[in-house]
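Worksheet: one structure, shown below.
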Amino acid sequence: MWFIYVALFILFIFILDDFLLDKRQFKLAEVFNGPKRLPLIGNVNIFLNLKPKDYYDFVKDFMEKYARTGTRMARYWAGNQLELMVDDYKLLEKIMSNPKFISKSSQYGFLHGVLGEGLLFSTDQKWFNRRRIITPTFHFKILEQFFEVFRKHNELLMEEIKEKSKNGKPINIFPIVTSSVLNALCETAMGYEMKPQDSDYLNAVREVGHIVATRFLSPWLRIEFIYNMTEGKRKQDKCAKIMHEFTTKLIEERRKLLSKSEKQNLSNLDDDDIGLKKKMCLLDVLLQSTVDNKPLSNADIQEEVDTFTFAGHDTTTNCICFTLYLISKHPEVKEKLLKEIEEVIGDGEVTFKSLNEFKYLELVIKESLRLYPPAPVISRRLYEEVDFGDFVAPANANYNLCLYTLFRNSEVFEKPNEFIPERFLKNIPPFAFVPFSAGQRNCIGQKFALINIKNNLINILRNFEVNPGNVEPTFEINLTIKCDSMLVGFKPK
């Protein structure tokens with residue numbers, strides 16, 4: 001008798017799956033290679049026992065198996081949610097250049113409970129309004145003022161490196177660079193110099209990344225009612241409360257401060273008079289901005305400031321750390337960099353203007369970003385079908401653009417796993433190297449980040465002899481490429 005119940009249960013599963021599945025989407029998805037879909041669960045089984053440190057090998061193997069022929073896209077199903085994986089630069093160009101692909105994928109919604117729908121996550125008119133408001137913050141004259149903040153925190157970072165390297169042993173650079181970058185970001189975003197007692201906010205910003213990465217790797221946790229019952233959800237809510245209370249307090253204090261002085265208009269920047277005004281921060285810009293003649297609410301401002309701090313600290317930290325790690329392992333590159341530093345500034349100080357003269361350093365940073373892109377996968381969501389010619393891109397699917405495997409594709413980059421900065425002296429196809437994304441949704445803060453990255457690298461190399469650690473680091477996913485322990489040796493000069 002039991003087999004009748006089993007048979008009825010299986011029949012129910014198939015009927016329910018057939019009811020929930022988008023037939024049109026399923027038909028269009030069949031042109032893409034991928035594992036066979038199972039009723040209801042899709043391909044959740046392929047994620048079982050997958051650990052963060054294994055994710056990149058998983059993506060590499062998945063793309064090699066399914067995305068190197070035909071449509072150059074691979075697919076899998078998270079339940080009835082279609083996920084398409086792309087790492088062909090020609091397809092990336094079509095996607096990133098198409099205004100119908102402007103929306104971020106549903107996976108970015110994992111962060112809405114903490115960060116709201118700021119510039120990174122919003123779409124349509126809200127995204128356009130916020131982009132217009134925030135763009136003046138990255139005018140080069142404002143960036144020049146931010147440079148003084150970067151310089152201060154770089155000096156503090158070098159003091160900490162010197163102190164921790166006293167015994168001559170390699171040190172783990174990730175936590176100290178993370179703290180330095182995060183402090184600098186908070187000061188440029190909120191006009192506030194972080195204090196030791198503000199560690200709860202800084203820890204909450206870091207913890208959110210770990211929580212969301214765990215959810216990203218577990219498709220069953222994408223179901224809200226399941227996730228809401230987990231310890232991760234409780235930790236996320238706690239982090240959100242800490243971040244919101246801290247930011248809201250600063251917003252209210254800054255609003256009172258600005259109300260006492262003449263408001264500054266950034267809509268028409270004049271290179272001659274910007275320097276006469278007091279230093280600006282992102283928070284000031286938001287407090288003085290309007291949409292449809294209405295000022296932004298505290299909640300609107302809070303989500304932009306928190307997003308800026310959260311998104312900016314990981315990416316900048318990763319680039320600094322991975323670049324130092326690669327330089328330490330390649331003495332010939334280190335010698336060329338030291339020669340360039342001597343030629344450009346000699347014994348003088350690094351200045352905002354001199355940063356543009358470090359051409360070889362730019363090649364080194366690009367190569368570091370190629371091997372270890374801070375955002376290894378970026379995602380878009382399509383809400384209506386798009387005809388690509390060879391196939392029709394399905395609507396209501398997530399399109400995951402796998403920069404990590406694209407940047408190591410031997411069809412584009414010769415000897416892709418080797419560190420060769422000079423490769424960027426040659427022409428590279430458009431969209432084959434887009435570490436800061438591209439198109440309308442390119443990273444608004446890329447110049448901001450590169451100024452901080454360059455300043456840190458130049459001054460560290462001038463003041464320390466950088467050597468590789470004695471243990472190879474292991475990498476894992478945490479929204480960005482992460483490494484809990486990256487050992488680099490520093491010997492003061």
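The way I read the labels, and the way they are meant: chains A, B, ... in the order of the structure tokens, residue 1 as the first residue of every chain, and ligand 1 as the first ligand shown, with later ones counted on from there.
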
Residue contacts of Phe433 (chain A) (10 Å, only C-alpha atoms) excluding same-chain residues fewer than 6 positions away, as a PDB file with C-alpha atoms, in the first residue's frame:
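Written file, part_27.pdb:
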```
ATOM      1  CA  TYR A  89      32.749  39.367 -23.782  1.00  0.00           C
ATOM      2  CA  LYS A 366      44.767  46.306 -13.909  1.00  0.00           C
ATOM      3  CA  GLU A 367      46.509  42.942 -13.922  1.00  0.00           C
ATOM      4  CA  LEU A 369      42.055  43.303 -10.953  1.00  0.00           C
ATOM      5  CA  ARG A 370      42.067  40.826 -13.820  1.00  0.00           C
ATOM      6  CA  PRO A 373      38.351  41.044  -9.620  1.00  0.00           C
ATOM      7  CA  LEU A 403      34.028  38.316 -14.667  1.00  0.00           C
ATOM      8  CA  LEU A 406      36.043  35.897 -18.374  1.00  0.00           C
ATOM      9  CA  PHE A 407      39.268  37.540 -17.178  1.00  0.00           C
ATOM     10  CA  VAL A 412      41.218  36.451 -24.772  1.00  0.00           C
ATOM     11  CA  PHE A 413      44.258  36.520 -22.473  1.00  0.00           C
ATOM     12  CA  PHE A 424      47.592  45.774 -21.003  1.00  0.00           C
TER      13      PHE A 424
END
```

Item to check | Which of region 256-421 of chain A fall in strand (DSSP E or B), as a PyMOL selection string | outcome: chain A and resi 290-291+294-295+377-382+386-387+392-393+397-402

Write the residues of the preceding selection, restricted to C-alpha atoms, as a short mmCIF file (atom, residue, chain, number, x, y, z; two decimals), in the first residue's frame.
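Contents of part22.cif, freshly written:
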```cif
data_model
loop_
_atom_site.label_atom_id
_atom_site.label_comp_id
_atom_site.auth_asym_id
_atom_site.auth_seq_id
_atom_site.Cartn_x
_atom_site.Cartn_y
_atom_site.Cartn_z
CA THR A 290 15.97 67.32 -3.87
CA VAL A 291 13.84 65.06 -6.08
CA LYS A 294 11.35 67.58 -2.19
CA PRO A 295 14.38 66.93 0.05
CA VAL A 377 30.19 38.05 -10.54
CA ILE A 378 27.77 40.87 -11.30
CA SER A 379 24.14 40.20 -12.11
CA ARG A 380 21.33 41.72 -14.11
CA ARG A 381 17.65 40.85 -14.39
CA LEU A 382 15.63 41.02 -17.59
CA VAL A 386 15.32 40.32 -25.99
CA ASP A 387 16.14 38.81 -29.38
CA VAL A 392 15.95 34.86 -27.53
CA ALA A 393 17.00 35.90 -24.02
CA ALA A 397 15.72 35.43 -15.53
CA ASN A 398 18.89 36.43 -13.68
CA TYR A 399 21.92 36.97 -15.91
CA ASN A 400 25.12 36.35 -13.94
CA LEU A 401 28.14 37.94 -15.64
CA CYS A 402 31.13 35.86 -14.55
#
```

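Within 10 Å of region 418-420 of chain A, once only C-alpha atoms are used and residues closer than 3 positions along the same chain are dropped, the contacting residues are Leu326, Ile327, Lys329, His330, Val333, Leu363, Val364, Lys366, Glu367, Ser368, Arg370, Leu371, Arg408, Phe413, Glu414, Lys415, Arg423 and Phe424 of chain A.
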
Next on the checklist: Given only C-alpha atoms as the basis, pick out the residue of A:Val149, A:Ile173, A:Leu50, A:Cys321 nearest to Glu193 (chain A).
Outcome noted: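 Going through A:Val149, A:Ile173, A:Leu50, A:Cys321 one by one, the smallest distance to Glu193 (chain A) is for A:Val149.
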
Next on the checklist: Would you compute the distance between CA of Glu187 (chain A) and CA of Ile142 (chain A)? Give it in Å to one decimal.
Outcome noted: 13.4 Å

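Excluding region 212-215 of chain A and any residue on its chain fewer than 3 positions from it, the residues at most 10 Å away by only C-alpha atoms are Lys51, Pro52, Gln107, Tyr108, Phe110, Leu111, Glu207, Val208, Gly209, Ser218, Pro219, Trp220, Leu221, Arg222, Ile223, Tyr227, Gly232, Lys233, Gln236, Glu476, Ile477, Asn478, Leu479 and Thr480 of chain A.
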
Next on the checklist: Taking 5 positions as the minimum chain separation for residues in the same chain, which residues sit within 12 Å of Phe62 (chain A) when counting only C-alpha atoms? Answer as a count of residues only.
Outcome noted: 20

Checklist entry - Which residues come within 6 Å of region 301-314 of chain A, counting only C-alpha atoms, excluding same-chain residues fewer than 6 positions away, as a list in words? => result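 Skipping anything fewer than 6 positions along the chain leaves Leu115, Gly116, Gly118, Val181, Leu182, Leu185 and Val205 of chain A.
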
Checklist entry - Mind pulling up the distance from CA of Trp77 (chain A) to CA of Ile41 (chain A)? => result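 Atom-to-atom, CA of Ile41 (chain A) and CA of Trp77 (chain A) are spaced 7.8 Å apart.
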
Checklist entry - What lies within 6 Å of region 449-462 of chain A using only C-alpha atoms, ignoring chain neighbours under 4 positions off, as number ranges by chain? => result A: 150, 154, 316, 320

Those same residues, written as a PDB file, in the first residue's frame with C-alpha atoms?
```pdb
ATOM      1  CA  PHE A 150      43.327  59.120   2.058  1.00  0.00           C
ATOM      2  CA  ASN A 154      47.584  55.799   4.718  1.00  0.00           C
ATOM      3  CA  THR A 316      39.197  48.774  -2.432  1.00  0.00           C
ATOM      4  CA  ILE A 320      45.243  46.847  -2.343  1.00  0.00           C
TER       5      ILE A 320
END
```

Checklist entry - Taking the backbone alone, and naming residues the way the document does, which bits of region 168-293 of chain A are helix (DSSP H, G or I) by DSSP, as a VMD selection string? => result chain A and resid 173 to 190 196 to 216 219 to 222 224 to 227 231 to 259 274 to 276 282 to 287
